[in-house]
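Asker: File run-v3.csv follows (CSV, C-alpha atoms):
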chain,number,residue,atom,x,y,z
A,1,ASP,CA,30.7,90.3,20.2
A,2,GLY,CA,26.9,90.4,19.8
A,3,GLY,CA,25.0,87.3,19.1
A,4,ILE,CA,22.6,84.6,20.2
A,5,THR,CA,23.6,81.9,22.6
A,6,GLN,CA,21.7,78.6,22.8
A,7,SER,CA,22.3,76.1,25.6
A,8,PRO,CA,22.8,73.3,26.0
A,9,LYS,CA,24.2,72.1,22.7
A,10,TYR,CA,23.0,68.6,23.3
A,11,LEU,CA,20.1,67.6,25.6
A,12,PHE,CA,18.7,64.2,26.4
A,13,ARG,CA,15.2,63.8,27.8
A,14,LYS,CA,13.5,60.8,29.3
A,15,GLU,CA,9.9,60.1,28.3
A,16,GLY,CA,7.4,62.1,30.4
A,17,GLN,CA,9.9,64.8,31.3
A,18,ASN,CA,9.7,68.5,30.6
A,19,VAL,CA,12.9,70.2,29.5
A,20,THR,CA,13.8,73.8,28.9
A,21,LEU,CA,16.0,75.1,26.1
A,22,SER,CA,17.8,78.4,26.8
A,23,CYS,CA,18.1,81.3,24.3
A,24,GLU,CA,19.8,84.5,25.1
A,25,GLN,CA,20.7,87.4,22.8
A,26,ASN,CA,22.7,90.6,23.3
A,27,LEU,CA,21.8,92.2,20.0
A,28,ASN,CA,19.0,94.4,21.5
A,29,HIS,CA,16.5,92.8,19.1
A,30,ASP,CA,12.8,93.0,19.8
A,31,ALA,CA,11.7,89.9,17.9
A,32,MET,CA,12.7,86.4,18.8
A,33,TYR,CA,11.7,83.0,17.4
A,34,TRP,CA,11.9,79.3,18.0
A,35,TYR,CA,12.1,76.8,15.0
A,36,ARG,CA,12.3,73.1,14.9
A,37,GLN,CA,14.3,71.3,12.2
A,38,ASP,CA,14.0,67.6,11.5
A,39,PRO,CA,16.7,65.7,9.5
A,40,GLY,CA,16.9,66.8,5.9
A,41,GLN,CA,14.0,69.2,6.4
A,42,GLY,CA,13.3,72.9,6.5
A,43,LEU,CA,12.5,75.0,9.5
A,44,ARG,CA,9.1,75.0,11.1
A,45,LEU,CA,8.0,77.8,13.4
A,46,ILE,CA,7.1,76.9,17.0
A,47,TYR,CA,6.6,80.3,18.7
A,48,TYR,CA,7.6,83.8,18.2
A,49,SER,CA,7.7,87.0,20.2
A,50,GLN,CA,7.6,90.5,18.9
A,51,ILE,CA,8.0,92.2,22.2
A,52,VAL,CA,8.6,91.5,25.9
A,53,ASN,CA,5.6,89.8,27.7
A,54,ASP,CA,4.0,88.9,24.3
A,55,PHE,CA,4.3,85.8,22.1
A,56,GLN,CA,2.3,84.1,19.4
A,57,LYS,CA,1.9,80.4,18.4
A,58,GLY,CA,3.6,79.3,15.2
A,59,ASP,CA,2.7,76.4,13.0
A,60,ILE,CA,3.6,73.6,15.5
A,61,ALA,CA,3.1,75.0,19.0
A,62,GLU,CA,1.3,72.0,20.5
A,63,GLY,CA,3.4,70.4,23.2
A,64,TYR,CA,5.7,73.5,23.6
A,65,SER,CA,5.6,76.6,25.8
A,66,VAL,CA,7.6,79.8,26.0
A,67,SER,CA,8.0,82.9,28.1
A,68,ARG,CA,9.4,86.4,27.3
A,69,GLU,CA,10.0,88.1,30.6
A,70,LYS,CA,13.1,89.9,29.4
A,71,LYS,CA,14.1,91.3,26.1
A,72,GLU,CA,17.3,89.2,26.0
A,73,SER,CA,15.8,85.9,26.9
A,74,PHE,CA,13.2,83.6,25.2
A,75,PRO,CA,13.3,80.1,26.7
A,76,LEU,CA,11.4,77.2,25.2
A,77,THR,CA,10.0,74.3,27.3
A,78,VAL,CA,9.3,71.0,25.6
A,79,THR,CA,6.6,69.4,27.6
A,80,SER,CA,5.7,65.7,27.9
A,81,ALA,CA,2.7,66.5,25.7
A,82,GLN,CA,5.1,66.8,22.7
A,83,LYS,CA,5.0,63.2,21.4
A,84,ASN,CA,7.9,63.4,19.0
A,85,PRO,CA,10.4,65.9,20.4
A,86,THR,CA,13.6,64.5,19.0
A,87,ALA,CA,14.9,67.3,16.7
A,88,PHE,CA,17.3,70.2,16.2
A,89,TYR,CA,15.9,73.4,17.8
A,90,LEU,CA,17.0,76.8,16.5
A,91,CYS,CA,16.4,80.2,18.2
A,92,ALA,CA,16.6,83.4,16.2
A,93,SER,CA,16.1,87.1,16.6
A,94,SER,CA,15.6,90.2,14.5
A,95,ILE,CA,15.3,93.9,14.7
A,96,VAL,CA,12.1,93.8,12.6
A,97,VAL,CA,9.8,90.8,12.3
A,98,GLY,CA,10.4,89.0,9.1
A,99,GLU,CA,13.7,90.5,8.1
A,100,GLY,CA,17.4,89.5,8.6
A,101,TYR,CA,17.3,86.9,11.3
A,102,THR,CA,20.3,86.1,13.4
A,103,PHE,CA,20.4,82.4,14.5
A,104,GLY,CA,21.9,80.7,17.4
A,105,SER,CA,23.9,77.5,16.9
A,106,GLY,CA,21.1,75.2,18.0
A,107,THR,CA,20.2,72.6,20.6
A,108,ARG,CA,19.9,68.9,19.6
A,109,LEU,CA,17.3,67.2,21.7
A,110,THR,CA,17.1,63.5,21.9
A,111,VAL,CA,14.4,61.5,23.8
A,112,VAL,CA,15.9,58.4,25.5
B,1,SER,CA,2.9,76.1,6.2
B,2,GLN,CA,5.7,75.9,3.6
B,3,GLN,CA,5.9,78.8,1.2
B,4,GLY,CA,9.2,78.6,-0.6
B,5,GLU,CA,10.3,75.5,-2.5
B,6,GLU,CA,13.9,75.2,-3.5
B,7,ASP,CA,15.1,73.4,-6.6
B,8,PRO,CA,17.2,71.3,-6.9
B,9,GLN,CA,17.0,69.5,-3.6
B,10,ALA,CA,20.7,68.6,-4.0
B,11,LEU,CA,23.5,69.9,-6.2
B,12,SER,CA,27.0,68.7,-6.6
B,13,ILE,CA,29.6,70.7,-8.7
B,14,GLN,CA,33.3,71.0,-9.0
B,15,GLU,CA,35.2,73.7,-7.3
B,16,GLY,CA,35.5,76.9,-9.4
B,17,GLU,CA,32.1,76.3,-11.2
B,18,ASN,CA,29.1,78.4,-10.6
B,19,ALA,CA,26.2,77.1,-8.6
B,20,THR,CA,22.6,78.1,-9.2
B,21,MET,CA,19.7,77.4,-6.9
B,22,ASN,CA,16.0,78.3,-7.4
B,23,CYS,CA,13.2,79.1,-5.1
B,24,SER,CA,9.5,79.3,-6.0
B,25,TYR,CA,6.7,80.6,-3.7
B,26,LYS,CA,3.0,80.8,-3.8
B,27,THR,CA,1.6,84.1,-2.3
B,28,SER,CA,2.6,87.7,-2.6
B,29,ILE,CA,5.7,88.7,-0.6
B,30,ASN,CA,7.3,91.7,0.8
B,31,ASN,CA,10.8,90.4,0.6
B,32,LEU,CA,12.8,87.2,0.0
B,33,GLN,CA,15.9,86.1,1.8
B,34,TRP,CA,18.5,83.5,1.4
B,35,TYR,CA,20.3,81.7,4.3
B,36,ARG,CA,23.1,79.2,4.5
B,37,GLN,CA,23.4,76.4,7.0
B,38,ASN,CA,26.5,74.4,7.6
B,39,SER,CA,25.9,70.9,8.9
B,40,GLY,CA,24.7,70.8,12.5
B,41,ARG,CA,24.9,74.6,12.8
B,42,GLY,CA,22.5,77.6,12.9
B,43,LEU,CA,21.5,79.5,9.7
B,44,VAL,CA,23.4,82.5,8.5
B,45,HIS,CA,21.6,85.3,6.7
B,46,LEU,CA,23.1,85.9,3.2
B,47,ILE,CA,21.0,88.4,1.4
B,48,LEU,CA,17.6,90.1,1.4
B,49,ILE,CA,15.8,91.3,-1.8
B,50,ARG,CA,12.7,93.3,-1.6
B,51,SER,CA,9.6,92.8,-3.9
B,52,ASN,CA,10.4,96.0,-5.8
B,53,GLU,CA,14.0,94.9,-6.6
B,54,ARG,CA,14.9,92.6,-9.5
B,55,GLU,CA,18.6,91.8,-8.7
B,56,LYS,CA,21.0,92.1,-5.9
B,57,HIS,CA,24.7,91.3,-5.5
B,58,SER,CA,26.9,90.6,-2.4
B,59,GLY,CA,30.4,89.5,-3.1
B,60,ARG,CA,30.2,86.2,-5.1
B,61,LEU,CA,26.4,86.0,-4.6
B,62,ARG,CA,23.8,87.2,-7.1
B,63,VAL,CA,20.1,87.0,-6.3
B,64,THR,CA,17.3,87.6,-8.8
B,65,LEU,CA,13.6,88.0,-8.1
B,66,ASP,CA,10.8,87.6,-10.6
B,67,THR,CA,7.6,88.5,-8.8
B,68,SER,CA,5.5,87.7,-11.9
B,69,LYS,CA,6.7,84.2,-11.9
B,70,LYS,CA,6.9,84.1,-8.1
B,71,SER,CA,10.5,82.8,-8.2
B,72,SER,CA,14.0,83.7,-7.2
B,73,SER,CA,17.5,82.4,-7.9
B,74,LEU,CA,20.7,82.4,-6.0
B,75,LEU,CA,23.9,82.2,-8.0
B,76,ILE,CA,27.3,81.5,-6.3
B,77,THR,CA,30.1,82.3,-8.7
B,78,ALA,CA,33.6,80.6,-8.6
B,79,SER,CA,32.5,78.1,-5.9
B,80,ARG,CA,34.9,77.1,-3.1
B,81,ALA,CA,34.9,74.0,-0.9
B,82,ALA,CA,33.8,76.3,2.0
B,83,ASP,CA,30.5,77.0,0.1
B,84,THR,CA,29.4,73.4,0.8
B,85,ALA,CA,26.3,73.8,2.9
B,86,SER,CA,22.5,73.8,2.7
B,87,TYR,CA,20.9,76.9,1.3
B,88,PHE,CA,17.4,78.0,2.3
B,89,CYS,CA,15.1,80.7,0.8
B,90,ALA,CA,12.6,82.4,3.2
B,91,THR,CA,9.7,84.6,2.3
B,92,GLY,CA,8.5,87.6,4.3
B,93,GLN,CA,5.0,89.0,4.0
B,94,GLY,CA,5.1,92.4,5.7
B,95,ALA,CA,5.4,92.4,9.4
B,96,GLN,CA,4.9,88.7,9.5
B,97,LYS,CA,7.2,85.8,10.4
B,98,LEU,CA,9.4,84.3,7.8
B,99,VAL,CA,8.5,81.1,6.1
B,100,PHE,CA,11.4,78.8,5.1
B,101,GLY,CA,11.7,76.3,2.3
B,102,GLN,CA,13.1,72.8,2.5
B,103,GLY,CA,16.6,73.8,1.3
B,104,THR,CA,19.1,72.9,-1.4
B,105,ARG,CA,22.1,70.8,-0.3
B,106,LEU,CA,25.2,72.1,-2.2
B,107,THR,CA,28.3,70.0,-2.3
B,108,ILE,CA,31.5,71.5,-3.8
B,109,ASN,CA,34.0,68.8,-4.9
B,110,PRO,CA,37.7,69.7,-4.8
Represent the structure of the file as structure tokens.

Answerer:
Amino acid sequence: DGGITQSPKYLFRKEGQNVTLSCEQNLNHDAMYWYRQDPGQGLRLIYYSQIVNDFQKGDIAEGYSVSREKKESFPLTVTSAQKNPTAFYLCASSIVVGEGYTFGSGTRLTVV
Amino acid sequence: SQQGEEDPQALSIQEGENATMNCSYKTSINNLQWYRQNSGRGLVHLILIRSNEREKHSGRLRVTLDTSKKSSSLLITASRAADTASYFCATGQGAQKLVFGQGTRLTINP
């Protein structure tokens, strides 16, 4: 079955560490996105990529980095510069930017 | 930047009743979409309505769009316990990323 796989489901990070969240899709979608969701809140865009080897900052990119070396993969690194990283992170993809997103099941990151 | 705003923030109804959620937005759009999120899970795309459409149906879902009032509504008919979730509207502006609202938490009581 086609879909998006995010791993791990739960992640714990110590202060000062960088961590990388994985996102893989087998839908042959060109566009991929990373969102952050805080409790009881909506989604805020971190980064998005319309095509391989290209990506743009979203509304809250500071403290995060991404790469898009393969069409299927769009990993997100949460760096030590991100001061409040505890949140639920969602990856999504679409055929066309801005239409009909398919979401992964999310990664819950907690700073300990 | 938040574009869509859902109303109400929370809604609790009895099973079998209809549920209506509203979404207002500020700027011109190309399309408006509704998504559902079960607790602790990813979002699921429900329906997309384009700016030149006024109403769209999908099973028990009915979406309306009024571009003059910059608003949309999502109606779920004959609600079921499995409809309990958060519902988000998202606005698309051409070949641009979607902007999501804060969501409506819907609870269906048996």

Asker: Grab the atom CA of His57 of chain B to atom CA of Thr77 of chain B distance for me, in Å with one decimal place.

Answerer: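 These two atoms are separated by 11.0 Å.
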
Asker: For the atom pair atom CA of Thr79 of chain A and atom CA of Gln56 of chain A, what is the interatomic distance in Å to one decimal place?

Answerer: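 Calculated distance between atom CA of Thr79 of chain A and atom CA of Gln56 of chain A is 17.4 Å.
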
Asker: Residues within 12 Å of Lys56 of chain B, please, as an mmCIF file with C-alpha atoms, in the frame of the given file. Count only C-alpha atoms; anything in the same chain fewer than 2 positions from it doesn't count.

Answerer:
data_model
loop_
_atom_site.group_PDB
_atom_site.id
_atom_site.type_symbol
_atom_site.label_atom_id
_atom_site.label_comp_id
_atom_site.auth_asym_id
_atom_site.auth_seq_id
_atom_site.Cartn_x
_atom_site.Cartn_y
_atom_site.Cartn_z
ATOM 1 C CA LEU B 32 12.800 87.200 0.000
ATOM 2 C CA GLN B 33 15.900 86.100 1.800
ATOM 3 C CA TRP B 34 18.500 83.500 1.400
ATOM 4 C CA LEU B 46 23.100 85.900 3.200
ATOM 5 C CA ILE B 47 21.000 88.400 1.400
ATOM 6 C CA LEU B 48 17.600 90.100 1.400
ATOM 7 C CA ILE B 49 15.800 91.300 -1.800
ATOM 8 C CA ARG B 50 12.700 93.300 -1.600
ATOM 9 C CA SER B 51 9.600 92.800 -3.900
ATOM 10 C CA ASN B 52 10.400 96.000 -5.800
ATOM 11 C CA GLU B 53 14.000 94.900 -6.600
ATOM 12 C CA ARG B 54 14.900 92.600 -9.500
ATOM 13 C CA SER B 58 26.900 90.600 -2.400
ATOM 14 C CA GLY B 59 30.400 89.500 -3.100
ATOM 15 C CA ARG B 60 30.200 86.200 -5.100
ATOM 16 C CA LEU B 61 26.400 86.000 -4.600
ATOM 17 C CA ARG B 62 23.800 87.200 -7.100
ATOM 18 C CA VAL B 63 20.100 87.000 -6.300
ATOM 19 C CA THR B 64 17.300 87.600 -8.800
ATOM 20 C CA LEU B 65 13.600 88.000 -8.100
ATOM 21 C CA SER B 72 14.000 83.700 -7.200
ATOM 22 C CA SER B 73 17.500 82.400 -7.900
ATOM 23 C CA LEU B 74 20.700 82.400 -6.000
ATOM 24 C CA LEU B 75 23.900 82.200 -8.000
#

Asker: Can you tell me which residues surround Tyr35 of chain A at a distance of at most 8 Å, considering all atoms listed in the file, apart from same-chain residues fewer than 2 positions away, and format the answer as a VMD selection string?

Answerer: chain A and resid 33 37 43 to 47 89 to 91

Asker: Can you work out the spacing between atom CA of Gly100 of chain A and atom CA of Leu98 of chain B in Å, to one decimal?

Answerer: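 Taking atom CA of Gly100 of chain A and atom CA of Leu98 of chain B, their separation equals 9.6 Å.
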
Asker: Which residue out of B:Thr107, B:Gln102, B:Ser71, B:Thr84 has the minimum interatomic distance to Asn31 of chain B when all atoms listed in the file are used?

Answerer: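 Closest to Asn31 of chain B of all the choices is B:Ser71.
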
Asker: Counting all atoms listed in the file, what is within 10 Å of Gly16 of chain A, bar same-chain residues fewer than 6 positions away, as a ChimeraX atom specification?

Answerer: /A:79-83,111

Asker: Hey, which bits of chain A sit within 8 Å of chain B, and for each residue what's the closest pair of atoms and how far apart in Å (one decimal), counting only C-alpha atoms, rows by chain and increasing number, as a tab-separated table?

Answerer:
residue	atom	partner	partner_atom	distance
A:Gly40	CA	B:Gln102	CA	7.9
A:Gln41	CA	B:Gln102	CA	5.4
A:Gly42	CA	B:Gln102	CA	4.0
A:Leu43	CA	B:Phe100	CA	5.9
A:Arg44	CA	B:Phe100	CA	7.5
A:Asp59	CA	B:Ser1	CA	6.8
A:Leu90	CA	B:Gly42	CA	6.6
A:Val96	CA	B:Ala95	CA	7.6
A:Val97	CA	B:Ala95	CA	5.5
A:Gly98	CA	B:Lys97	CA	4.7
A:Glu99	CA	B:Gly92	CA	7.1
A:Gly100	CA	B:His45	CA	6.2
A:Tyr101	CA	B:His45	CA	6.5
A:Thr102	CA	B:Val44	CA	6.8
A:Phe103	CA	B:Gly42	CA	5.5
A:Gly104	CA	B:Gly42	CA	5.5
A:Ser105	CA	B:Gly42	CA	4.2
A:Gly106	CA	B:Gly42	CA	5.8

Asker: When distances are computed from all atoms listed in the file, which of B:Ser68, B:Glu55, B:Asp7, B:Ser12 shows the smallest separation from Ser28 of chain B?

Answerer: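 For Ser28 of chain B, the nearest of the candidates is B:Ser68.
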
Asker: Please identify all polymer residues lying at most 7 Å from the point (16.9, 75.5, -9.2) (file coordinates), using all atoms listed in the file, and present the result as a count of residues only.

Answerer: 7

Asker: If we count all atoms listed in the file, what is near Asn26 of chain A at a cut-off of 7 Å, once residues fewer than 4 positions away on the same chain are taken out, given as a PyMOL selection string?

Answerer: chain A and resi 2-4+72

Asker: Produce a file of the selected residues containing C-alpha atoms, as a tab-separated table (two decimals), in the frame of the given file.

Answerer:
chain	number	residue	atom	x	y	z
A	2	GLY	CA	26.90	90.40	19.80
A	3	GLY	CA	25.00	87.30	19.10
A	4	ILE	CA	22.60	84.60	20.20
A	72	GLU	CA	17.30	89.20	26.00
